Amino acid sequence: MSPSFLVLVDTDDLQQDRLRAACRVTSLISRPTQNLKFASQLLIEDVTADAEQIIVDLDGGIEKVIVPLSLAKKLAGVVPATRLILLLDVASASAVPDSLRNAISGVLLKTTSTNVELIRSISSFFTGLSVHVLSRDKPTPSTIRKLTSIGASLVIPYSELETSILIADAFLAPVISDRSDGLFPTIVSSYTQGGRSLGLVYSSRESVAQSILTGKGIYQSRKHGLWEKGKTSGATQELVRIRIDCDSDALEFSVIQHGSGFCHLSQPSCFGSIDGLAALENILTARLASAPEGSYTRRLFHDQELLHAKIREEADELCRAETKEEIAFEAADLLYFALTRCVAAGVSVRDIEEVLNKKAAKVTRRPGIAKPQFVSNDKNAQDASKNRTEPQITLDPNAPIVMRSVDLSSTGADERAQLLKRPVLKSDEMIAKVKPIVDDVRKRGDTALLELTAKFDKAKLETPLLLPPFYPFTTEKLDPAVRDAIDVAYANVRKFHAAQVQDSHLVVETMPGVTCSRFARPIARVGLYVPGGTAVLPSTALMLGVPAQVAACEQIVLATPPRPDGSVSPEVLYVAHLVGAHAILRAGGAQAVAALAYGTETCPKVDKIFGPGNQWVTAAKMFVQNDTEALVSIDMPAGPSEVLVIADETCDPAFVAADLLSQAEHGVDSQVVLVSSSLSDDKLKEIEKEVDRQAHALPRVDIVRESISRSLIVKTSNPEEALQFSNAYAPEHLILHLRDASSWVGQVKNAGSVFVGPYSPESCGDYASGTNHTLPTNGYARQFSGVNTVFFQKHITSQEITAEGLQKLGPVVATLADCEGLQAHANAVRIRLNKF
């Protein structure tokens with residue numbers, strides 16, 4: 001549980017005993033000029049503070065920094081969220097962008113008075129974050145309790161401690177005993193032994209206060225009153241810290257135990273002996289003092305060359321170990337000799353743990369390389385080591401290309417859930433990688449965009465933007481057959497998407513005198529990302545450009561990576577001409593998304609970004625849509641291509657195999673699933689034979705071989721069961737090879753697009769049937785639609801209420817506003833009703 005209060009050091013007139021007492025129950029906040037070794041948090045109010053110095057402070061042991069809004073924006077993404085707290089005046093809470101809330105772990109609110117209801121309201125902006133309150137009011141236990149009840153903590157100036165409020169009273173303010181005698185159950189744990197429990201005792205408010213001030217283990221005996229541990233036995237305790245449990249009715253004392261141990265039976269713990277590294281440390285410490293002259297242990301402690309040799313020997317054997325048992329055995333040996341080295345030097349396990357904690361808290365990281373003397377020059381040894389630690393799966397190029405099978409009737413709930421899973425998309429890692437690129441374009445505009453295009457696309461441009469006319473004024477001629485095919489596809493896609501335009505004005509009179517309406521308007525500015533470079537993808541330009549055109553978007557910006565000579569393929573230029581694009585941004589990847597989201601000197605800023613792309617594009621889209629500074633939305637999350645085919649005995653095995661392979665060739669991570677509906681084993685073998693035969697004839701056979709090896713045949717007993725699995729899977733593409741296939745479409749609940757019957761290959765939807773090929777993947781078909789014309793529109797509602805209508809509706813509204821405590825809402829109605 002977080003401390004119920006924090007202490008802000010607000011004076012240079014400090015008493016060391018009081019500082020130590022506060023540190024036993026909470027954290028200290030200091031300012032950079034105070035340089036206090038006790039402080040764990042740093043309050044930086046200077047907006048011009050050096051960000052590099054802040055990172056140095058964090059690397060040096062400061063746990064968290066508290067910084068103002070402008071400085072937090074600079075540190076976001078550089079400093080881990082767990083180390084960053086935002087300093088805010090209460091009046092500025094609503095100004096914090098969503099993107100920044102995800103980059104901090106808490107806020108410190110400065111306020112003139114402790115208005116708990118106001119703080120509760122402000123806390124709703126920072127759900128899941130810690131909230132600290134620095135008020136000019138005098139601190140009281142009552143204030144601390146009230147703030148704790150809403151999940152906030154009070155920041156108390158050091159000058160107020162032991163004057164306005166006692167440290168113990170502040171600490172115990174939220175603690176409530178559930179016992180009739182008012183005592184608090186208290187767990188005593190060993191600070192030096194990894195928090196191992198030593199025993200259970202009881203504490204009172206008086207004993208806690210004494211412990212805080214003296215730094216000793218003082219408890220409350222239920223028979224004899226105050227009890228100072230070890231005062232008579234010599235088994236004394238140094239108090240490190242006291243913590244409150246999550247229910248605020250029990251305490252934990254973390255102590256350094258001296259003497260024979262905590263238990264009255266002269267053992268370390270009331271719960272028996274200790275084990276593990278703590279026990280080994282005790283044994284080695286004892287042997288250091290008493291090992292016989294000439295013994296192996298004594299030699300280890302006093303013969304440095306022998307000990308060093310044993311450490312190197314055991315480290316080498318650990319590196320060579322292969323099985324789980326061997327690794328555990330060799331690691332134990334290495335730990336024994338390493339801990340011997342530590343004990344001989346007076347280094348405890350706790351000392352090591354503290355160093356590990358400090359290393360884990362560092363913001364900067366060392367380069368991931370080994371020192372030259374430990375890197376082998378023997379290539380064979382390197383290869384052997386690599387093969388031992390990173391086994392590679394090699395697929396035999398001559399082996400049959402087959403899918404794995406599972407019978408749904410013999411699988412349990414857990415296995416079925418695994419069948420529905422897709423590869424894990426590490427979106428957090430990718431967003432962290434694209435953030436510097438996005439920030440660079442946002443800050444430096446075209447300069448950054450041109451540099452990144454030269455770096456990633458190898459194209460050196462004078463300007464990133466092309467303006468119309470795009471066609472026929474191109475130096476590269478378009479194949480007439482391709483142009484004719486594009487024309488047919490354009491006509492079909494436009495016809496289907498034009499029919500989707502929602503231009504009707506919905507008007508409903510909900511009650512006499514109250515008229516509500518809804519009408520559609522196009523999204524003004526849209527950005528369409530078309531993957532390119534060495535690839536030619538006019539179909540994607542069509543699928544995005546046509547609905548934007550028929551929705552009457554005011555500005556259409558098409559972004560596509562240029563070829564190394566800076567040109568864009570004539571096919572894409574021709575589509576841009578057909579759909580009436582207003583500009584072409586010659587850029588790809590995260591940099592193109594950033595330019596569309598924020599705008600540059602030449603590239604217009606857009607309101608919504610559409611289009612598929614690799615993981616860099618997807619991560620950049622996800623990043624900018626969560627940045628309130630960008631004010632941009634996206635079409636949908638994207639993932640690897642998917643197809644799920646449901647087939648029964650009427651299917652043509654060659655057709656089914658071809659449909660499976662049409663998605664398998666997209667990439668090694670493509671998701672390909674065949675759901676058989678009562679298919680015989682012979683029919684399944686025919687399909688698998690066709691998959692193998694057709695795959696080996698494809699130029700992308702290596703990609704297909706790997707994706708098919710991860711693909712799946714799911715056996716079901718009937719079409720109903722097959723469709724039930726498909727709806728749970730929610731595929732991007734669903735193909736129905738079923739008897740009377742159209743009759744089963746009504747049972748499809750989740751799919752991006754459905755291809756009905758043997759003569760409806762998925763390829764037609766990809767190119768020219770009229771439907772859109774930009775579809776939800778990764779199971780998002782449960783809640784997302786494929787791109788359509790409505791994606792390029794927004795709907796606005798309106799209401800018009802007559803005087804007579806307000807007389808009927810007004811009292812209802814006022815009553816509900818009163819119920820919610822929003823008096824201004826109620827007044828806006830009553831002030832009108834009073835006119836009647």
# chains A, B, ... in the order shown; residues from 1 in each chain; ligands from 1

call {"tool": "residues_around", "arguments": {"residues": "region 678-694 of chain A", "least_positions_apart": "6", "cutoff": "9 Å", "atoms": "only C-alpha atoms", "output": "PyMOL selection string"}}
result
chain A and resi 400-403+647-649+651-658+660-661+705+715-719

call {"tool": "select_by_dssp", "arguments": {"residues": "region 30-256 of chain A", "states": "alpha helix (DSSP H)", "output": "number ranges by chain"}}
result
A: 51-59, 69-75, 98-101, 116-123, 141-149, 167-172, 205-214

call {"tool": "residues_around", "arguments": {"residues": "Thr618 (chain A)", "least_positions_apart": "5", "cutoff": "7 Å", "atoms": "only C-alpha atoms", "output": "list in words"}}
result
Gly613, Pro637 and Ala638 of chain A

call {"tool": "residues_around", "arguments": {"residues": "Arg205 (chain A)", "least_positions_apart": "4", "cutoff": "8 Å", "atoms": "only C-alpha atoms", "output": "list in words"}}
result
Ala168, Leu172, Leu183 and Ala209 of chain A

call {"tool": "write_last_selection", "arguments": {"atoms": "N, CA and C atoms", "output": "mmCIF file, in the first residue's frame"}}
result
data_model
loop_
_atom_site.group_PDB
_atom_site.id
_atom_site.type_symbol
_atom_site.label_atom_id
_atom_site.label_comp_id
_atom_site.auth_asym_id
_atom_site.auth_seq_id
_atom_site.Cartn_x
_atom_site.Cartn_y
_atom_site.Cartn_z
ATOM 1 N N ALA A 168 3.894 9.911 13.934
ATOM 2 C CA ALA A 168 3.114 8.702 14.211
ATOM 3 C C ALA A 168 1.637 8.924 13.951
ATOM 4 N N LEU A 172 -0.416 6.721 11.264
ATOM 5 C CA LEU A 172 -1.498 5.845 11.715
ATOM 6 C C LEU A 172 -2.892 6.392 11.420
ATOM 7 N N LEU A 183 -5.462 -3.044 19.374
ATOM 8 C CA LEU A 183 -4.101 -3.326 18.914
ATOM 9 C C LEU A 183 -4.092 -3.704 17.433
ATOM 10 N N ALA A 209 4.622 4.792 17.850
ATOM 11 C CA ALA A 209 5.244 6.108 17.981
ATOM 12 C C ALA A 209 6.651 5.983 18.540
#

call {"tool": "atom_distance", "arguments": {"atom1": "CA of Ile274 (chain A)", "atom2": "CA of Ser248 (chain A)"}}
result
28.7 Å

call {"tool": "residues_around", "arguments": {"residues": "region 479-494 of chain A", "least_positions_apart": "6", "cutoff": "7 Å", "atoms": "only C-alpha atoms", "output": "MDAnalysis selection string"}}
result
chainID A and resid 542 546 767:771

call {"tool": "write_last_selection", "arguments": {"atoms": "N, CA and C atoms", "output": "JSON list (two decimals), in the first residue's frame"}}
result
[["chain", "number", "residue", "atom", "x", "y", "z"],
["A", 542, "LEU", "N", -7.06, 2.08, -54.48],
["A", 542, "LEU", "CA", -8.47, 2.05, -54.87],
["A", 542, "LEU", "C", -9.38, 1.87, -53.66],
["A", 546, "VAL", "N", -11.48, 5.34, -53.23],
["A", 546, "VAL", "CA", -12.86, 5.39, -53.73],
["A", 546, "VAL", "C", -13.85, 5.78, -52.65],
["A", 767, "TYR", "N", -9.34, -7.32, -55.09],
["A", 767, "TYR", "CA", -9.04, -6.45, -56.23],
["A", 767, "TYR", "C", -10.24, -5.74, -56.85],
["A", 768, "ALA", "N", -11.30, -6.46, -57.15],
["A", 768, "ALA", "CA", -12.21, -5.84, -58.11],
["A", 768, "ALA", "C", -13.68, -6.18, -57.98],
["A", 769, "SER", "N", -14.11, -7.00, -57.03],
["A", 769, "SER", "CA", -15.54, -7.32, -56.97],
["A", 769, "SER", "C", -16.37, -6.11, -56.57],
["A", 770, "GLY", "N", -15.79, -5.26, -55.74],
["A", 770, "GLY", "CA", -16.51, -4.07, -55.28],
["A", 770, "GLY", "C", -16.41, -3.87, -53.79],
["A", 771, "THR", "N", -16.28, -4.96, -53.03],
["A", 771, "THR", "CA", -16.13, -4.83, -51.58],
["A", 771, "THR", "C", -14.73, -4.34, -51.26]]

call {"tool": "residues_around", "arguments": {"residues": "Lys621 (chain A)", "least_positions_apart": "4", "cutoff": "9 Å", "atoms": "only C-alpha atoms", "output": "PDB file with all heavy atoms, in the first residue's frame"}}
result
ATOM      1  N   ALA A 590       6.593   4.966 -40.219  1.00  0.00           N
ATOM      2  CA  ALA A 590       6.121   5.817 -39.127  1.00  0.00           C
ATOM      3  C   ALA A 590       6.244   7.290 -39.473  1.00  0.00           C
ATOM      4  O   ALA A 590       5.432   8.115 -39.025  1.00  0.00           O
ATOM      5  CB  ALA A 590       6.912   5.501 -37.860  1.00  0.00           C
ATOM      6  N   VAL A 593       3.133   8.438 -41.341  1.00  0.00           N
ATOM      7  CA  VAL A 593       1.998   8.550 -40.420  1.00  0.00           C
ATOM      8  C   VAL A 593       2.110   9.825 -39.595  1.00  0.00           C
ATOM      9  O   VAL A 593       1.118  10.543 -39.388  1.00  0.00           O
ATOM     10  CB  VAL A 593       1.933   7.304 -39.516  1.00  0.00           C
ATOM     11  CG1 VAL A 593       0.856   7.477 -38.446  1.00  0.00           C
ATOM     12  CG2 VAL A 593       1.669   6.061 -40.338  1.00  0.00           C
ATOM     13  N   ALA A 594       3.325  10.130 -39.115  1.00  0.00           N
ATOM     14  CA  ALA A 594       3.531  11.338 -38.319  1.00  0.00           C
ATOM     15  C   ALA A 594       3.227  12.598 -39.135  1.00  0.00           C
ATOM     16  O   ALA A 594       2.599  13.539 -38.641  1.00  0.00           O
ATOM     17  CB  ALA A 594       4.962  11.377 -37.797  1.00  0.00           C
ATOM     18  N   ALA A 597      -0.446  12.977 -39.420  1.00  0.00           N
ATOM     19  CA  ALA A 597      -1.105  13.275 -38.144  1.00  0.00           C
ATOM     20  C   ALA A 597      -0.882  14.716 -37.700  1.00  0.00           C
ATOM     21  O   ALA A 597      -1.818  15.366 -37.205  1.00  0.00           O
ATOM     22  CB  ALA A 597      -0.598  12.311 -37.071  1.00  0.00           C
ATOM     23  N   ILE A 609      -6.609   8.684 -40.421  1.00  0.00           N
ATOM     24  CA  ILE A 609      -5.617   7.970 -41.225  1.00  0.00           C
ATOM     25  C   ILE A 609      -6.115   6.552 -41.493  1.00  0.00           C
ATOM     26  O   ILE A 609      -6.548   5.856 -40.576  1.00  0.00           O
ATOM     27  CB  ILE A 609      -4.249   7.930 -40.519  1.00  0.00           C
ATOM     28  CG1 ILE A 609      -3.731   9.358 -40.278  1.00  0.00           C
ATOM     29  CG2 ILE A 609      -3.235   7.147 -41.346  1.00  0.00           C
ATOM     30  CD1 ILE A 609      -2.463   9.414 -39.442  1.00  0.00           C
ATOM     31  N   PHE A 610      -6.032   6.145 -42.743  1.00  0.00           N
ATOM     32  CA  PHE A 610      -6.484   4.824 -43.176  1.00  0.00           C
ATOM     33  C   PHE A 610      -5.317   4.065 -43.788  1.00  0.00           C
ATOM     34  O   PHE A 610      -4.360   4.655 -44.260  1.00  0.00           O
ATOM     35  CB  PHE A 610      -7.581   4.952 -44.244  1.00  0.00           C
ATOM     36  CG  PHE A 610      -8.833   5.636 -43.788  1.00  0.00           C
ATOM     37  CD1 PHE A 610      -8.904   7.022 -43.714  1.00  0.00           C
ATOM     38  CD2 PHE A 610      -9.967   4.906 -43.451  1.00  0.00           C
ATOM     39  CE1 PHE A 610     -10.058   7.655 -43.317  1.00  0.00           C
ATOM     40  CE2 PHE A 610     -11.120   5.526 -43.040  1.00  0.00           C
ATOM     41  CZ  PHE A 610     -11.174   6.907 -42.978  1.00  0.00           C
ATOM     42  N   TRP A 616       5.643  -1.149 -38.118  1.00  0.00           N
ATOM     43  CA  TRP A 616       6.029   0.234 -37.841  1.00  0.00           C
ATOM     44  C   TRP A 616       4.873   1.184 -38.136  1.00  0.00           C
ATOM     45  O   TRP A 616       4.604   2.111 -37.366  1.00  0.00           O
ATOM     46  CB  TRP A 616       7.256   0.607 -38.673  1.00  0.00           C
ATOM     47  CG  TRP A 616       8.485  -0.144 -38.298  1.00  0.00           C
ATOM     48  CD1 TRP A 616       8.864  -1.387 -38.721  1.00  0.00           C
ATOM     49  CD2 TRP A 616       9.490   0.270 -37.376  1.00  0.00           C
ATOM     50  NE1 TRP A 616      10.037  -1.771 -38.134  1.00  0.00           N
ATOM     51  CE2 TRP A 616      10.458  -0.779 -37.305  1.00  0.00           C
ATOM     52  CE3 TRP A 616       9.682   1.416 -36.608  1.00  0.00           C
ATOM     53  CZ2 TRP A 616      11.585  -0.694 -36.503  1.00  0.00           C
ATOM     54  CZ3 TRP A 616      10.819   1.495 -35.801  1.00  0.00           C
ATOM     55  CH2 TRP A 616      11.741   0.456 -35.757  1.00  0.00           C
ATOM     56  N   VAL A 617       4.210   0.960 -39.246  1.00  0.00           N
ATOM     57  CA  VAL A 617       3.057   1.787 -39.608  1.00  0.00           C
ATOM     58  C   VAL A 617       1.938   1.603 -38.594  1.00  0.00           C
ATOM     59  O   VAL A 617       1.328   2.571 -38.116  1.00  0.00           O
ATOM     60  CB  VAL A 617       2.566   1.436 -41.030  1.00  0.00           C
ATOM     61  CG1 VAL A 617       1.269   2.164 -41.347  1.00  0.00           C
ATOM     62  CG2 VAL A 617       3.638   1.775 -42.068  1.00  0.00           C
ATOM     63  N   GLN A 625      -3.033   8.178 -32.615  1.00  0.00           N
ATOM     64  CA  GLN A 625      -4.456   8.283 -32.279  1.00  0.00           C
ATOM     65  C   GLN A 625      -4.665   8.489 -30.776  1.00  0.00           C
ATOM     66  O   GLN A 625      -5.724   8.970 -30.358  1.00  0.00           O
ATOM     67  CB  GLN A 625      -5.227   7.046 -32.741  1.00  0.00           C
ATOM     68  CG  GLN A 625      -5.084   5.827 -31.853  1.00  0.00           C
ATOM     69  CD  GLN A 625      -6.180   4.816 -32.056  1.00  0.00           C
ATOM     70  OE1 GLN A 625      -7.236   5.126 -32.591  1.00  0.00           O
ATOM     71  NE2 GLN A 625      -5.939   3.585 -31.637  1.00  0.00           N
ATOM     72  N   ASN A 626      -3.663   8.156 -29.966  1.00  0.00           N
ATOM     73  CA  ASN A 626      -3.765   8.371 -28.524  1.00  0.00           C
ATOM     74  C   ASN A 626      -3.139   9.676 -28.065  1.00  0.00           C
ATOM     75  O   ASN A 626      -3.096   9.949 -26.871  1.00  0.00           O
ATOM     76  CB  ASN A 626      -3.113   7.198 -27.781  1.00  0.00           C
ATOM     77  CG  ASN A 626      -3.933   5.928 -27.878  1.00  0.00           C
ATOM     78  OD1 ASN A 626      -5.145   5.965 -27.734  1.00  0.00           O
ATOM     79  ND2 ASN A 626      -3.280   4.805 -28.136  1.00  0.00           N
ATOM     80  N   SER A 633      -7.776  10.280 -35.784  1.00  0.00           N
ATOM     81  CA  SER A 633      -8.235   8.919 -35.525  1.00  0.00           C
ATOM     82  C   SER A 633      -7.709   8.010 -36.628  1.00  0.00           C
ATOM     83  O   SER A 633      -7.165   8.480 -37.631  1.00  0.00           O
ATOM     84  CB  SER A 633      -9.764   8.856 -35.465  1.00  0.00           C
ATOM     85  OG  SER A 633     -10.323   9.163 -36.727  1.00  0.00           O
ATOM     86  N   ILE A 634      -7.875   6.689 -36.427  1.00  0.00           N
ATOM     87  CA  ILE A 634      -7.434   5.724 -37.432  1.00  0.00           C
ATOM     88  C   ILE A 634      -8.585   4.797 -37.781  1.00  0.00           C
ATOM     89  O   ILE A 634      -9.608   4.768 -37.094  1.00  0.00           O
ATOM     90  CB  ILE A 634      -6.216   4.922 -36.955  1.00  0.00           C
ATOM     91  CG1 ILE A 634      -6.583   4.012 -35.767  1.00  0.00           C
ATOM     92  CG2 ILE A 634      -5.063   5.837 -36.591  1.00  0.00           C
ATOM     93  CD1 ILE A 634      -5.483   3.045 -35.371  1.00  0.00           C
ATOM     94  N   PRO A 637      -7.087  -1.310 -35.864  1.00  0.00           N
ATOM     95  CA  PRO A 637      -5.792  -1.970 -35.670  1.00  0.00           C
ATOM     96  C   PRO A 637      -5.554  -2.972 -36.799  1.00  0.00           C
ATOM     97  O   PRO A 637      -6.500  -3.490 -37.395  1.00  0.00           O
ATOM     98  CB  PRO A 637      -5.950  -2.700 -34.325  1.00  0.00           C
ATOM     99  CG  PRO A 637      -7.166  -2.099 -33.690  1.00  0.00           C
ATOM    100  CD  PRO A 637      -8.053  -1.636 -34.807  1.00  0.00           C
TER     101      PRO A 637
END

call {"tool": "closest_residue", "arguments": {"among": "A:Val754, A:Leu698, A:Thr628, A:Ile150", "to": "Val643 (chain A)", "atoms": "only C-alpha atoms"}}
result
A:Val754

call {"tool": "closest_atom_pairs", "arguments": {"of": "region 405-474 of chain A", "to": "region 66-88 of chain A", "cutoff": "12 Å", "atoms": "only C-alpha atoms", "output": "CSV"}}
result
residue,atom,partner,partner_atom,distance
A:Asp428,CA,A:Gly77,CA,11.2
A:Glu429,CA,A:Gly77,CA,11.4
A:Ile431,CA,A:Gly77,CA,9.8
A:Ala432,CA,A:Gly77,CA,7.2
A:Lys433,CA,A:Gly77,CA,10.0
A:Val434,CA,A:Gly77,CA,10.8
A:Lys435,CA,A:Gly77,CA,7.7
A:Pro436,CA,A:Gly77,CA,8.8
A:Val438,CA,A:Gly77,CA,12.0
A:Asp439,CA,A:Lys74,CA,10.3
A:Lys443,CA,A:Lys74,CA,11.8

call {"tool": "atom_distance", "arguments": {"atom1": "CA of Leu58 (chain A)", "atom2": "CA of Ala361 (chain A)"}}
result
7.5 Å

call {"tool": "residues_around", "arguments": {"residues": "Ser211 (chain A)", "least_positions_apart": "5", "cutoff": "12 Å", "atoms": "only C-alpha atoms", "output": "JSON, numbers by chain"}}
result
{"A": [20, 21, 22, 24, 25, 167, 168, 203, 204, 205, 206, 216, 217, 218, 219, 220, 226, 227, 228, 229, 237, 238, 239, 240, 241, 242, 253, 254, 255]}

call {"tool": "atom_distance", "arguments": {"atom1": "CA of His733 (chain A)", "atom2": "CA of Ala751 (chain A)"}}
result
6.5 Å

call {"tool": "decode", "arguments": {"residues": "region 64-80 of chain A", "atoms": "N, CA, C and O atoms", "output": "PDB file, in the first residue's frame"}}
result
ATOM      1  N   LYS A  64      11.890   8.785  -7.950  1.00  0.00           N
ATOM      2  CA  LYS A  64      10.919   9.456  -8.808  1.00  0.00           C
ATOM      3  C   LYS A  64      11.252  10.938  -8.895  1.00  0.00           C
ATOM      4  O   LYS A  64      11.810  11.513  -7.950  1.00  0.00           O
ATOM      5  N   VAL A  65      10.899  11.537 -10.030  1.00  0.00           N
ATOM      6  CA  VAL A  65      11.016  12.987 -10.166  1.00  0.00           C
ATOM      7  C   VAL A  65       9.623  13.567 -10.365  1.00  0.00           C
ATOM      8  O   VAL A  65       8.781  12.975 -11.043  1.00  0.00           O
ATOM      9  N   ILE A  66       9.400  14.715  -9.756  1.00  0.00           N
ATOM     10  CA  ILE A  66       8.113  15.418  -9.853  1.00  0.00           C
ATOM     11  C   ILE A  66       8.369  16.679 -10.653  1.00  0.00           C
ATOM     12  O   ILE A  66       9.132  17.552 -10.229  1.00  0.00           O
ATOM     13  N   VAL A  67       7.762  16.781 -11.831  1.00  0.00           N
ATOM     14  CA  VAL A  67       8.102  17.867 -12.756  1.00  0.00           C
ATOM     15  C   VAL A  67       6.843  18.530 -13.302  1.00  0.00           C
ATOM     16  O   VAL A  67       5.785  17.908 -13.364  1.00  0.00           O
ATOM     17  N   PRO A  68       6.945  19.802 -13.734  1.00  0.00           N
ATOM     18  CA  PRO A  68       5.787  20.483 -14.328  1.00  0.00           C
ATOM     19  C   PRO A  68       5.456  19.939 -15.712  1.00  0.00           C
ATOM     20  O   PRO A  68       6.220  19.167 -16.299  1.00  0.00           O
ATOM     21  N   LEU A  69       4.308  20.375 -16.233  1.00  0.00           N
ATOM     22  CA  LEU A  69       3.739  19.820 -17.464  1.00  0.00           C
ATOM     23  C   LEU A  69       4.696  19.898 -18.642  1.00  0.00           C
ATOM     24  O   LEU A  69       4.919  18.905 -19.333  1.00  0.00           O
ATOM     25  N   SER A  70       5.283  21.075 -18.879  1.00  0.00           N
ATOM     26  CA  SER A  70       6.149  21.224 -20.062  1.00  0.00           C
ATOM     27  C   SER A  70       7.366  20.316 -19.979  1.00  0.00           C
ATOM     28  O   SER A  70       7.818  19.765 -20.984  1.00  0.00           O
ATOM     29  N   LEU A  71       7.908  20.142 -18.793  1.00  0.00           N
ATOM     30  CA  LEU A  71       9.077  19.275 -18.617  1.00  0.00           C
ATOM     31  C   LEU A  71       8.683  17.805 -18.723  1.00  0.00           C
ATOM     32  O   LEU A  71       9.429  16.985 -19.260  1.00  0.00           O
ATOM     33  N   ALA A  72       7.485  17.475 -18.231  1.00  0.00           N
ATOM     34  CA  ALA A  72       7.003  16.090 -18.318  1.00  0.00           C
ATOM     35  C   ALA A  72       6.862  15.660 -19.769  1.00  0.00           C
ATOM     36  O   ALA A  72       7.135  14.506 -20.117  1.00  0.00           O
ATOM     37  N   LYS A  73       6.418  16.576 -20.635  1.00  0.00           N
ATOM     38  CA  LYS A  73       6.275  16.242 -22.054  1.00  0.00           C
ATOM     39  C   LYS A  73       7.626  15.899 -22.675  1.00  0.00           C
ATOM     40  O   LYS A  73       7.712  15.026 -23.531  1.00  0.00           O
ATOM     41  N   LYS A  74       8.688  16.571 -22.243  1.00  0.00           N
ATOM     42  CA  LYS A  74      10.022  16.284 -22.774  1.00  0.00           C
ATOM     43  C   LYS A  74      10.533  14.935 -22.277  1.00  0.00           C
ATOM     44  O   LYS A  74      11.222  14.215 -22.991  1.00  0.00           O
ATOM     45  N   LEU A  75      10.185  14.602 -21.041  1.00  0.00           N
ATOM     46  CA  LEU A  75      10.708  13.375 -20.434  1.00  0.00           C
ATOM     47  C   LEU A  75       9.876  12.147 -20.772  1.00  0.00           C
ATOM     48  O   LEU A  75      10.330  11.020 -20.589  1.00  0.00           O
ATOM     49  N   ALA A  76       8.627  12.357 -21.216  1.00  0.00           N
ATOM     50  CA  ALA A  76       7.733  11.233 -21.508  1.00  0.00           C
ATOM     51  C   ALA A  76       8.360  10.330 -22.570  1.00  0.00           C
ATOM     52  O   ALA A  76       8.815  10.789 -23.615  1.00  0.00           O
ATOM     53  N   GLY A  77       8.384   9.035 -22.294  1.00  0.00           N
ATOM     54  CA  GLY A  77       8.964   8.073 -23.222  1.00  0.00           C
ATOM     55  C   GLY A  77      10.459   7.905 -23.052  1.00  0.00           C
ATOM     56  O   GLY A  77      11.028   6.921 -23.521  1.00  0.00           O
ATOM     57  N   VAL A  78      11.115   8.883 -22.418  1.00  0.00           N
ATOM     58  CA  VAL A  78      12.547   8.780 -22.140  1.00  0.00           C
ATOM     59  C   VAL A  78      12.749   8.227 -20.730  1.00  0.00           C
ATOM     60  O   VAL A  78      13.548   7.320 -20.510  1.00  0.00           O
ATOM     61  N   VAL A  79      12.004   8.807 -19.803  1.00  0.00           N
ATOM     62  CA  VAL A  79      12.010   8.323 -18.417  1.00  0.00           C
ATOM     63  C   VAL A  79      10.845   7.354 -18.250  1.00  0.00           C
ATOM     64  O   VAL A  79       9.731   7.656 -18.672  1.00  0.00           O
ATOM     65  N   PRO A  80      11.055   6.182 -17.653  1.00  0.00           N
ATOM     66  CA  PRO A  80       9.939   5.248 -17.468  1.00  0.00           C
ATOM     67  C   PRO A  80       8.793   5.890 -16.705  1.00  0.00           C
ATOM     68  O   PRO A  80       9.010   6.708 -15.798  1.00  0.00           O
TER      69      PRO A  80
END
